>>> print(open('start17.cif').read())   # mmCIF, C-alpha atoms and all ligand atoms
data_run
#
loop_
_atom_site.label_atom_id
_atom_site.label_comp_id
_atom_site.auth_asym_id
_atom_site.auth_seq_id
_atom_site.Cartn_x
_atom_site.Cartn_y
_atom_site.Cartn_z
CA MET L 1 192.42 -138.59 174.98
CA ILE L 2 191.37 -140.32 178.19
CA ASN L 3 190.13 -138.39 181.18
CA VAL L 4 190.87 -140.23 184.36
CA SER L 5 188.91 -138.86 187.29
CA HIS L 6 187.45 -140.22 190.48
CA CYS L 7 183.82 -140.92 191.18
CA LYS L 8 182.30 -140.89 194.67
CA GLY L 9 183.54 -144.29 195.79
CA LYS L 10 187.15 -143.30 194.88
CA LYS L 11 186.94 -145.69 191.94
CA ARG L 12 188.91 -144.99 188.81
CA PHE L 13 186.60 -143.75 186.10
CA ILE L 14 187.62 -143.64 182.47
CA THR L 15 186.06 -141.49 179.79
CA PHE L 16 186.28 -143.17 176.40
CA GLN L 17 186.80 -140.81 173.50
CA PRO L 18 185.27 -142.24 170.33
CA ASP L 19 187.68 -140.30 168.14
CA ASN L 20 190.62 -142.07 169.74
CA PRO L 21 189.47 -145.59 170.64
CA GLY L 22 193.05 -146.91 170.62
CA MET L 23 193.82 -145.31 173.97
CA ALA L 24 190.62 -146.61 175.54
CA ILE L 25 191.60 -150.07 174.38
CA GLU L 26 194.94 -149.69 176.19
CA GLU L 27 193.11 -148.93 179.45
CA VAL L 28 190.89 -151.98 178.98
CA ARG L 29 193.98 -154.06 178.21
CA GLU L 30 195.51 -152.99 181.52
CA PHE L 31 192.32 -153.88 183.42
CA VAL L 32 192.06 -157.23 181.65
CA GLU L 33 195.66 -158.19 182.32
CA LYS L 34 195.65 -157.10 185.96
CA GLU L 35 192.15 -157.93 187.13
CA VAL L 36 190.42 -160.31 184.73
CA GLY L 37 193.48 -162.54 184.34
CA ARG L 38 193.80 -162.79 188.11
CA TRP L 39 190.17 -163.86 188.56
CA SER L 40 189.43 -166.05 185.54
CA ASN L 41 190.19 -169.48 187.07
CA GLU L 42 188.33 -168.57 190.25
CA ILE L 43 185.29 -167.45 188.23
CA ASP L 44 185.33 -170.79 186.40
CA ARG L 45 185.66 -172.74 189.65
CA ARG L 46 182.95 -170.81 191.54
CA ASN L 47 180.68 -170.39 188.50
CA LEU L 48 180.27 -166.77 189.56
CA ILE L 49 181.77 -163.34 188.93
CA PRO L 50 182.57 -161.70 192.28
CA GLU L 51 180.48 -158.61 192.99
CA GLN L 52 183.64 -156.56 193.48
CA LEU L 53 184.74 -157.33 189.90
CA LEU L 54 181.28 -156.56 188.49
CA ARG L 55 181.44 -153.17 190.24
CA GLU L 56 184.91 -152.55 188.83
CA MET L 57 183.62 -153.39 185.34
CA ALA L 58 180.73 -150.98 185.84
CA SER L 59 182.97 -148.17 187.02
CA LEU L 60 185.17 -148.66 183.96
CA GLY L 61 182.10 -148.16 181.79
CA LEU L 62 182.14 -151.69 180.34
CA PHE L 63 178.33 -151.92 180.54
CA GLY L 64 177.70 -148.90 178.35
CA LEU L 65 180.48 -148.92 175.80
CA THR L 66 178.36 -148.36 172.67
CA ILE L 67 175.51 -146.47 174.38
CA PRO L 68 175.50 -142.83 173.19
CA LYS L 69 176.89 -140.28 175.63
CA GLU L 70 173.51 -138.52 175.87
CA TYR L 71 172.28 -141.61 177.79
CA GLY L 72 175.41 -141.85 179.95
CA GLY L 73 177.28 -144.38 177.81
CA LYS L 74 180.80 -144.17 176.39
CA GLY L 75 179.73 -143.90 172.76
CA ILE L 76 182.61 -145.91 171.30
CA SER L 77 182.40 -147.27 167.74
CA VAL L 78 181.20 -150.78 166.91
CA ASN L 79 184.73 -151.73 165.83
CA GLY L 80 186.17 -150.41 169.09
CA PHE L 81 183.66 -152.57 170.94
CA LEU L 82 184.62 -155.63 168.87
CA GLU L 83 188.23 -155.13 169.91
CA VAL L 84 187.34 -154.75 173.60
CA LEU L 85 185.34 -158.00 173.58
CA GLU L 86 188.20 -159.85 171.90
CA LEU L 87 190.65 -158.58 174.52
CA VAL L 88 188.43 -159.56 177.44
CA SER L 89 187.66 -162.96 175.92
CA LYS L 90 191.36 -163.82 175.63
CA GLU L 91 191.49 -163.83 179.42
CA CYS L 92 187.93 -164.75 180.38
CA PRO L 93 185.28 -165.62 177.77
CA SER L 94 182.59 -165.68 180.48
CA ILE L 95 183.14 -162.02 181.32
CA ALA L 96 183.12 -161.21 177.60
CA HIS L 97 179.83 -163.15 177.34
CA VAL L 98 178.29 -161.10 180.18
CA ILE L 99 179.27 -157.79 178.53
CA PHE L 100 178.22 -159.02 175.09
CA LEU L 101 174.78 -160.27 176.13
CA HIS L 102 174.07 -157.08 178.06
CA SER L 103 175.01 -155.04 174.98
CA MET L 104 172.91 -157.15 172.60
CA ALA L 105 169.88 -156.59 174.85
CA TYR L 106 170.39 -152.81 175.16
CA ASP L 107 170.94 -152.58 171.41
CA ILE L 108 167.40 -153.89 170.87
CA LEU L 109 166.11 -151.18 173.23
CA LEU L 110 168.27 -148.51 171.55
CA LYS L 111 167.20 -149.42 168.03
CA PHE L 112 163.55 -150.35 168.51
CA GLY L 113 162.43 -148.95 171.89
CA SER L 114 160.35 -145.80 172.47
CA ASP L 115 162.06 -142.55 173.53
CA GLY L 116 160.35 -142.87 176.92
CA LEU L 117 161.82 -146.32 177.56
CA LYS L 118 165.27 -145.23 176.42
CA GLU L 119 165.28 -142.14 178.64
CA ARG L 120 164.00 -144.10 181.62
CA TYR L 121 166.31 -147.13 181.42
CA LEU L 122 169.45 -146.47 179.35
CA PRO L 123 171.26 -144.36 181.99
CA GLU L 124 170.86 -147.19 184.55
CA ILE L 125 171.93 -149.74 181.95
CA ALA L 126 174.99 -147.74 180.85
CA THR L 127 176.33 -147.46 184.38
CA GLY L 128 175.76 -151.16 185.09
CA ARG L 129 173.23 -150.40 187.81
CA ARG L 130 170.92 -152.70 185.89
CA ILE L 131 172.50 -155.61 184.04
CA LEU L 132 170.38 -157.00 181.23
CA ALA L 133 169.35 -160.52 180.29
CA LEU L 134 167.71 -161.54 177.02
CA PRO L 135 165.60 -164.60 177.77
CA PHE L 136 164.20 -166.04 174.53
CA THR L 137 164.96 -169.77 174.89
CA GLU L 138 162.41 -171.97 176.68
CA PRO L 139 162.51 -175.59 177.84
CA LYS L 140 160.60 -176.66 174.70
CA SER L 141 161.95 -174.16 172.15
CA GLY L 142 165.42 -172.91 171.28
CA THR L 143 166.26 -172.96 167.58
CA ASP L 144 162.56 -172.67 166.73
CA LEU L 145 162.04 -169.20 168.19
CA ALA L 146 158.52 -168.90 166.77
CA ALA L 147 157.43 -171.70 169.14
CA VAL L 148 157.86 -169.51 172.26
CA GLU L 149 155.07 -170.26 174.77
CA LEU L 150 155.61 -167.86 177.71
CA LYS L 151 152.21 -166.21 177.90
CA ALA L 152 151.46 -162.48 178.16
CA THR L 153 147.75 -161.97 178.84
CA ARG L 154 146.25 -158.49 178.48
CA GLU L 155 144.50 -157.07 181.58
CA GLY L 156 143.54 -153.42 181.04
CA ASP L 157 146.75 -151.39 180.64
CA PHE L 158 148.88 -154.31 181.81
CA TYR L 159 150.07 -157.68 180.53
CA VAL L 160 150.45 -160.61 182.92
CA LEU L 161 153.39 -162.88 182.10
CA ASN L 162 153.46 -166.56 183.01
CA GLY L 163 156.01 -169.16 181.95
CA VAL L 164 159.63 -170.28 182.08
CA LYS L 165 162.77 -169.25 180.20
CA THR L 166 165.96 -171.25 180.28
CA LEU L 167 169.68 -170.91 179.54
CA ALA L 168 169.49 -167.15 180.11
CA THR L 169 172.97 -165.59 180.25
CA ASN L 170 173.19 -162.96 183.03
CA GLY L 171 170.03 -164.51 184.52
CA ILE L 172 171.45 -164.37 188.05
CA TYR L 173 172.90 -160.84 187.72
CA ALA L 174 170.12 -159.14 185.77
CA GLY L 175 167.92 -156.32 187.01
CA LEU L 176 166.21 -155.95 183.64
CA PHE L 177 165.00 -158.49 181.06
CA VAL L 178 164.13 -158.19 177.37
CA VAL L 179 161.55 -160.97 177.21
CA LEU L 180 159.97 -162.56 174.14
CA ALA L 181 156.40 -163.54 175.05
CA ARG L 182 153.27 -164.83 173.35
CA THR L 183 150.48 -162.25 173.22
CA ARG L 184 148.34 -164.19 170.71
CA GLU L 185 147.74 -167.91 170.50
CA GLN L 186 147.69 -169.76 167.17
CA GLU L 187 149.46 -166.99 165.29
CA GLY L 188 153.00 -168.40 165.17
CA HIS L 189 155.70 -165.75 165.01
CA LYS L 190 153.10 -162.98 164.52
CA GLY L 191 151.76 -163.65 168.01
CA LEU L 192 155.02 -162.70 169.75
CA THR L 193 155.88 -159.43 171.52
CA LEU L 194 159.00 -158.07 173.24
CA PHE L 195 158.67 -156.70 176.78
CA LEU L 196 161.10 -154.85 179.02
CA VAL L 197 160.61 -156.41 182.46
CA GLU L 198 162.13 -155.26 185.75
CA LYS L 199 163.40 -157.75 188.31
CA GLU L 200 161.08 -156.07 190.85
CA ASP L 201 158.08 -157.01 188.70
CA GLY L 202 158.58 -160.49 190.14
CA VAL L 203 161.08 -162.36 187.92
CA ALA L 204 162.71 -165.24 189.84
CA SER L 205 166.03 -166.82 188.89
CA THR L 206 167.44 -170.19 189.87
CA GLU L 207 171.07 -170.60 190.92
CA PRO L 208 173.46 -170.57 187.93
CA LEU L 209 173.23 -173.74 185.86
CA ASP L 210 176.18 -176.08 186.36
CA LEU L 211 177.35 -176.03 182.71
CA MET L 212 180.79 -177.18 181.56
CA SER L 213 181.16 -173.90 179.61
CA SER L 214 180.53 -170.20 180.20
CA ARG L 215 180.90 -170.68 183.93
CA GLY L 216 180.40 -167.37 185.66
CA ALA L 217 178.22 -165.96 182.88
CA GLY L 218 175.26 -166.33 185.23
CA VAL L 219 173.31 -168.67 182.93
CA SER L 220 170.09 -169.61 184.72
CA ILE L 221 166.42 -170.56 184.48
CA LEU L 222 163.95 -167.69 184.92
CA LYS L 223 160.44 -168.08 186.28
CA PHE L 224 157.60 -165.68 185.50
CA GLU L 225 154.55 -166.11 187.74
CA ASN L 226 151.84 -163.47 187.31
CA VAL L 227 154.44 -160.83 186.43
CA ARG L 228 152.51 -157.61 185.65
CA VAL L 229 154.08 -155.32 183.06
CA HIS L 230 152.58 -152.03 181.85
CA LYS L 231 151.81 -151.83 178.11
CA ASN L 232 154.29 -148.91 177.86
CA ARG L 233 157.06 -151.42 178.36
CA ILE L 234 156.48 -153.15 175.03
CA ILE L 235 159.52 -152.74 172.76
CA GLY L 236 158.29 -151.88 169.26
CA SER L 237 154.65 -152.90 169.09
CA GLU L 238 152.46 -155.91 169.86
CA GLY L 239 153.03 -158.74 167.39
CA LYS L 240 156.40 -157.41 166.20
CA GLY L 241 158.50 -159.24 168.80
CA PHE L 242 159.73 -162.02 166.53
CA ILE L 243 161.01 -159.77 163.77
CA LEU L 244 162.77 -157.44 166.25
CA ALA L 245 164.27 -160.41 168.08
CA VAL L 246 165.61 -161.84 164.81
CA LYS L 247 167.17 -158.48 163.89
CA GLY L 248 168.67 -158.11 167.37
CA LEU L 249 170.14 -161.62 167.20
CA ALA L 250 171.64 -160.92 163.76
CA LEU L 251 173.29 -157.72 164.99
CA GLY L 252 174.60 -159.59 168.03
CA ARG L 253 176.33 -162.29 166.01
CA VAL L 254 179.13 -159.95 164.94
CA PRO L 255 180.22 -158.97 168.48
CA PHE L 256 179.64 -162.60 169.51
CA SER L 257 182.31 -163.60 166.98
CA SER L 258 184.78 -161.45 168.93
CA ILE L 259 184.41 -163.82 171.90
CA ALA L 260 185.34 -166.73 169.61
CA ILE L 261 188.20 -164.80 168.00
CA GLY L 262 189.63 -163.94 171.43
CA ILE L 263 189.58 -167.62 172.40
CA ALA L 264 191.15 -168.77 169.11
CA LYS L 265 193.87 -166.13 169.31
CA CYS L 266 194.76 -167.01 172.87
CA ALA L 267 194.86 -170.74 172.06
CA LEU L 268 197.15 -170.08 169.09
CA GLU L 269 199.53 -167.94 171.15
CA GLU L 270 199.69 -170.49 173.97
CA ALA L 271 200.29 -173.36 171.54
CA VAL L 272 203.04 -171.58 169.60
CA LYS L 273 204.85 -170.50 172.78
CA TRP L 274 204.65 -174.02 174.21
CA SER L 275 205.84 -175.69 171.00
CA LEU L 276 208.87 -173.41 170.81
CA LYS L 277 209.92 -174.34 174.36
CA ARG L 278 208.95 -178.00 174.52
CA LYS L 279 211.63 -180.32 173.18
CA SER L 280 211.22 -183.83 171.86
CA PHE L 281 213.97 -185.87 170.19
CA GLY L 282 216.37 -183.04 171.01
CA ARG L 283 214.57 -180.14 169.28
CA PRO L 284 211.55 -177.90 169.81
CA ILE L 285 208.38 -179.64 168.66
CA PHE L 286 207.54 -176.53 166.57
CA GLU L 287 210.29 -177.64 164.16
CA ASN L 288 208.07 -180.56 163.09
CA GLN L 289 205.70 -179.56 160.31
CA ALA L 290 203.09 -181.86 161.89
CA ILE L 291 202.97 -179.22 164.64
CA SER L 292 203.71 -175.95 162.81
CA PHE L 293 201.45 -176.47 159.75
CA PRO L 294 198.15 -176.84 161.65
CA LEU L 295 199.17 -173.78 163.69
CA ALA L 296 199.84 -171.89 160.45
CA GLU L 297 196.36 -172.86 159.21
CA ILE L 298 194.75 -171.52 162.39
CA ALA L 299 196.73 -168.26 162.00
CA ALA L 300 195.49 -167.86 158.42
CA GLU L 301 191.85 -168.62 159.29
CA LEU L 302 192.01 -166.26 162.25
CA GLU L 303 193.13 -163.36 160.05
CA ALA L 304 190.35 -164.08 157.53
CA VAL L 305 187.63 -164.26 160.19
CA ARG L 306 188.89 -161.08 161.87
CA ALA L 307 188.83 -159.25 158.55
CA LEU L 308 185.22 -160.35 157.92
CA ARG L 309 184.22 -159.32 161.46
CA ASP L 310 185.79 -155.86 161.09
CA GLU L 311 184.12 -155.34 157.71
CA LEU L 312 180.74 -156.27 159.23
CA GLY L 313 181.42 -153.96 162.19
CA THR L 314 181.88 -151.09 159.75
CA ARG L 315 178.62 -152.00 157.98
CA ILE L 316 176.71 -152.12 161.27
CA GLU L 317 178.16 -148.73 162.23
CA ARG L 318 176.64 -147.39 158.98
CA GLY L 319 173.21 -148.74 159.99
CA ASP L 320 173.21 -151.94 157.94
CA ILE L 321 171.87 -155.25 159.34
CA PRO L 322 173.91 -157.88 157.44
CA VAL L 323 171.84 -160.91 158.48
CA ALA L 324 173.41 -163.73 156.41
CA GLU L 325 176.98 -162.41 156.73
CA ALA L 326 176.57 -162.12 160.52
CA SER L 327 175.62 -165.82 160.55
CA MET L 328 178.70 -166.57 158.43
CA VAL L 329 181.10 -164.87 160.84
CA LYS L 330 179.37 -166.48 163.84
CA LEU L 331 179.59 -169.94 162.25
CA LEU L 332 183.22 -169.63 161.14
CA SER L 333 184.53 -167.99 164.30
CA SER L 334 182.90 -170.40 166.74
CA GLU L 335 184.08 -173.44 164.79
CA LEU L 336 187.56 -171.91 164.61
CA ALA L 337 187.60 -171.40 168.39
CA VAL L 338 186.84 -175.11 168.91
CA LYS L 339 189.45 -176.16 166.34
CA ALA L 340 192.14 -173.86 167.77
CA THR L 341 191.63 -174.90 171.40
CA ARG L 342 191.50 -178.61 170.48
CA LEU L 343 194.78 -178.20 168.58
CA ALA L 344 196.38 -176.24 171.44
CA ILE L 345 195.60 -179.10 173.84
CA GLN L 346 197.06 -181.61 171.39
CA VAL L 347 200.25 -179.54 171.01
CA MET L 348 200.61 -179.36 174.81
CA GLY L 349 200.20 -183.12 175.15
CA GLY L 350 199.05 -184.49 178.52
CA TRP L 351 199.71 -181.19 180.25
CA GLY L 352 197.13 -179.54 177.99
CA LEU L 353 194.41 -181.49 179.80
CA SER L 354 195.28 -180.06 183.21
CA SER L 355 192.55 -177.90 184.72
CA SER L 356 195.25 -175.39 185.69
CA VAL L 357 196.13 -174.79 182.02
CA LYS L 358 194.25 -171.98 180.30
CA VAL L 359 193.57 -173.83 177.05
CA SER L 360 191.61 -176.59 178.76
CA ARG L 361 189.15 -173.99 180.12
CA LEU L 362 189.04 -172.22 176.75
CA TYR L 363 188.24 -175.54 175.03
CA ARG L 364 185.16 -175.93 177.24
CA ASP L 365 184.16 -172.31 176.65
CA ALA L 366 184.67 -172.60 172.88
CA LYS L 367 182.20 -175.49 172.62
CA ALA L 368 179.35 -173.34 173.96
CA LEU L 369 179.91 -170.85 171.14
CA GLU L 370 178.71 -173.40 168.57
CA ILE L 371 175.39 -173.51 170.46
CA ALA L 372 174.67 -170.14 172.11
CA GLU L 373 173.29 -167.27 169.95
CA GLY L 374 171.92 -169.90 167.55
CA THR L 375 173.61 -173.23 166.81
CA SER L 376 175.92 -173.80 163.84
CA GLU L 377 173.01 -175.56 162.12
CA ALA L 378 170.79 -172.52 162.70
CA GLN L 379 173.43 -170.28 161.08
CA LYS L 380 173.56 -172.61 158.06
CA MET L 381 169.75 -172.40 157.76
CA ILE L 382 169.98 -168.59 157.58
CA ILE L 383 172.83 -168.65 155.05
CA ALA L 384 171.06 -171.31 152.94
CA ARG L 385 167.89 -169.18 152.92
CA GLN L 386 169.91 -166.31 151.47
CA LEU L 387 171.37 -168.62 148.80
CA LEU L 388 167.87 -169.72 147.87
CA LYS L 389 166.70 -166.12 147.56
CA LYS L 390 169.70 -165.20 145.45
CA TYR L 391 169.81 -168.11 143.03
CA LYS L 392 166.27 -169.51 142.76
CA ARG L 393 164.62 -168.30 139.57
C1 LIG M 401 176.24 -170.72 177.28
C2 LIG M 401 174.89 -170.48 176.70
C3 LIG M 401 174.28 -169.25 176.89
C4 LIG M 401 173.00 -169.01 176.38
N1 LIG M 401 172.41 -167.80 176.61
C5 LIG M 401 171.15 -167.57 176.15
C6 LIG M 401 170.48 -166.33 176.42
O1 LIG M 401 171.04 -165.42 177.04
N2 LIG M 401 169.21 -166.18 175.98
C7 LIG M 401 168.56 -167.17 175.29
O2 LIG M 401 167.42 -166.96 174.91
N3 LIG M 401 169.17 -168.35 175.03
C8 LIG M 401 170.43 -168.58 175.44
N4 LIG M 401 171.04 -169.78 175.19
C9 LIG M 401 170.29 -170.83 174.53
C10 LIG M 401 170.68 -171.04 173.08
O3 LIG M 401 170.28 -169.94 172.31
C11 LIG M 401 170.03 -172.35 172.62
O4 LIG M 401 170.66 -173.40 173.35
C12 LIG M 401 170.18 -172.58 171.13
O5 LIG M 401 169.45 -171.63 170.40
C13 LIG M 401 169.70 -173.98 170.74
O6 LIG M 401 168.46 -174.25 171.28
P1 LIG M 401 168.22 -175.61 172.10
O7 LIG M 401 169.30 -175.74 173.10
O8 LIG M 401 166.82 -175.60 172.57
O9 LIG M 401 168.43 -176.76 171.03
P2 LIG M 401 167.34 -177.28 169.97
O10 LIG M 401 166.69 -176.14 169.30
O11 LIG M 401 166.49 -178.28 170.63
O12 LIG M 401 168.28 -178.02 168.93
C14 LIG M 401 168.91 -179.28 169.24
C15 LIG M 401 169.82 -179.65 168.08
O13 LIG M 401 169.03 -179.80 166.89
C16 LIG M 401 169.53 -178.95 165.87
N5 LIG M 401 168.39 -178.49 165.06
C17 LIG M 401 167.24 -177.92 165.50
N6 LIG M 401 166.43 -177.65 164.46
C18 LIG M 401 167.09 -178.05 163.34
C19 LIG M 401 166.79 -178.02 161.94
N7 LIG M 401 165.64 -177.53 161.48
N8 LIG M 401 167.71 -178.49 161.08
C20 LIG M 401 168.90 -178.98 161.53
N9 LIG M 401 169.23 -179.04 162.84
C21 LIG M 401 168.35 -178.58 163.73
C22 LIG M 401 170.22 -177.81 166.60
O14 LIG M 401 171.18 -177.18 165.77
C23 LIG M 401 170.86 -178.57 167.75
O15 LIG M 401 172.04 -179.18 167.32
C24 LIG M 401 172.33 -170.03 175.66
C25 LIG M 401 172.96 -171.26 175.45
C26 LIG M 401 174.22 -171.49 175.96
C27 LIG M 401 174.88 -172.81 175.72
#
>>> encode(input="start17.cif", output="structure tokens")
Amino acid sequence: MINVSHCKGKKRFITFQPDNPGMAIEEVREFVEKEVGRWSNEIDRRNLIPEQLLREMASLGLFGLTIPKEYGGKGISVNGFLEVLELVSKECPSIAHVIFLHSMAYDILLKFGSDGLKERYLPEIATGRRILALPFTEPKSGTDLAAVELKATREGDFYVLNGVKTLATNGIYAGLFVVLARTREQEGHKGLTLFLVEKEDGVASTEPLDLMSSRGAGVSILKFENVRVHKNRIIGSEGKGFILAVKGLALGRVPFSSIAIGIAKCALEEAVKWSLKRKSFGRPIFENQAISFPLAEIAAELEAVRALRDELGTRIERGDIPVAEASMVKLLSSELAVKATRLAIQVMGGWGLSSSVKVSRLYRDAKALEIAEGTSEAQKMIIARQLLKKYKR
């Protein structure tokens, strides 16, 4: 059941019912087809999501989908959320990336934050009044998270943060930041702590980085210069930042795979439709097995990856943190997105390279998925570690 009412600004407001996520998905589908589809090329060109669209997303509840209702969220299931991200990504992976990153950051707060922090911030987060960023990566450390240098120096009840974060999704939109900082020198990963930092504390963002992918996802460099944060805004406790960050990243890899699955699915659909219409030597190119067999392979891999994602969604819903399996689905889905978009361009021939064709944009967006949220190599390290644990005697 969906309750459609009007909030103050006469905006449509949808109440998601967790017991019937199918209908909520239909409403999102309508929004995606009408609004997101209309804007996606413009977002890519301008490297920015228009404020009007961000407000529309907020009023639809897209910034609080899995936040419990008691905090003002929609309280939908993990699997419902996976489906929403896939739908959005089919039209605009950058918007899916914005929603995903925001949710990964609030999940860390939900799972590991104090009651005080949750009560204070989750209602603003759920309504999209404060969009979240999760700046972990620094100019000198990405894959090696334990090498984070941004300094948090204790001064009485406060910590003073100094340093630079880079490649932060939502960096230009964010009003709140889950920051991994170094509270102790020389102690490797045990010297790291997670802080919840408000924009007003003094975080400065550059303009969005001019990347070839994820344009519009607000990816920027963040500067912290004498940013004072009260000790109450530590998530978890001092020295536990690394372990909480690793858990948060693992949980995020399953929804992240939905972005890749959305891209792969869209590329497959576009390629099949094109190959049925496009004729060469008097017949549709689909009738050549050189065209239809690789498409069939993508279809098979897509089903397998979706099944793994849904299974992991169910496990996460039960409270499990399937670290190695989350890396598996992230690795497979992002590589599939690249493979599917590359094939779609090949099937479309020269026209597939046109900037006005959807698959050329999706190809650029797919490539980022093999790097963001931990590179493919980083996922293999995690999976290999599990193999070692399992089989080494
Ligand atoms: C679109 C986009 C959005 C992003 N958003 C965020 C965000 O919101 N927050 C955030 O914190 N970060 C974000 N990132 C950064 C991302 O997490 C890092 O780019 C990624 O973790 C890799 O780090 P790096 O770029 O520093 O590469 P490096 O760590 O320098 O790695 C360079 C290369 O070496 C490989 N490599 C490194 N170590 C090893 C090893 N031991 N064995 C084998 N190969 C290795 C890597 O796989 C990679 O191919 C984003 C990145 C992109 C592209």
>>> residues_near_ligand(input="start17.cif", ligand="ligand LIG 401 (chain M)", cutoff="8 Å", atoms="only C-alpha atoms and all ligand atoms", output="number ranges by chain")
L: 101, 133-144, 165-171, 211, 213-214, 217, 219, 368-369, 371-378, 381
>>> residues_around(input="start17.cif", residues="range 312-315 of chain L", least_positions_apart="6", cutoff="9 Å", atoms="only C-alpha atoms", output="PyMOL selection string")
chain L and resi 77-79+82+254-255+321-322+325-326+329
>>> atom_distance(input="start17.cif", atom1="CA of Gly282 in chain L", atom2="CA of Ser354 in chain L")
24.5 Å
>>> closest_residue(input="start17.cif", among="L:Ala290, L:Ile221, L:Ile259, L:Val36", to="Gln346 in chain L", atoms="all atoms listed in the file")
L:Ala290
>>> residues_around(input="start17.cif", residues="range 57-71 of chain L", least_positions_apart="5", cutoff="10 Å", atoms="only C-alpha atoms", output="PyMOL selection string")
chain L and resi 6-7+9+11-16+18+27-28+31-32+35-36+51-52+76-81+84-85+95-96+98-100+102-103+106-107+110+118-132
>>> closest_residue(input="start17.cif", among="L:Val229, L:Ala271, L:Ala307, L:Val160", to="Lys358 in chain L", atoms="only C-alpha atoms")
L:Ala271
>>> closest_residue(input="start17.cif", among="L:Arg55, L:Gln289, L:Ser355, L:Glu317", to="Gly75 in chain L", atoms="only C-alpha atoms")
L:Glu317
>>> residues_around(input="start17.cif", residues="Arg364 in chain L", least_positions_apart="5", cutoff="12 Å", atoms="all atoms listed in the file", output="list in words")
Asp44, Cys92, Pro93, Ser94, Leu211, Met212, Ser213, Ser214, Arg215, Ala260, Ile263, Ala337, Val338, Lys339, Ala340, Thr341, Arg342, Ile345, Leu353, Ser355, Lys358, Val359, Leu369 and Glu370 of chain L
>>> closest_residue(input="start17.cif", among="L:Ser334, L:Ser356, L:Ser114, L:Ser275", to="Ser237 in chain L", atoms="only C-alpha atoms")
L:Ser114
>>> residues_around(input="start17.cif", residues="His230 in chain L", least_positions_apart="6", cutoff="7 Å", atoms="only C-alpha atoms", output="VMD selection string")
chain L and resid 157 to 159
>>> closest_residue(input="start17.cif", among="L:Tyr391, L:Phe112, L:Phe224, L:Phe195", to="Val164 in chain L", atoms="all atoms listed in the file")
L:Phe224
>>> residues_around(input="start17.cif", residues="range 299-301 of chain L", least_positions_apart="2", cutoff="10 Å", atoms="all atoms listed in the file", output="PyMOL selection string")
chain L and resi 264-265+268-269+293-297+303-307+332-333+336+340
>>> atom_distance(input="start17.cif", atom1="CA of Gly239 in chain L", atom2="CA of Ala146 in chain L")
11.6 Å
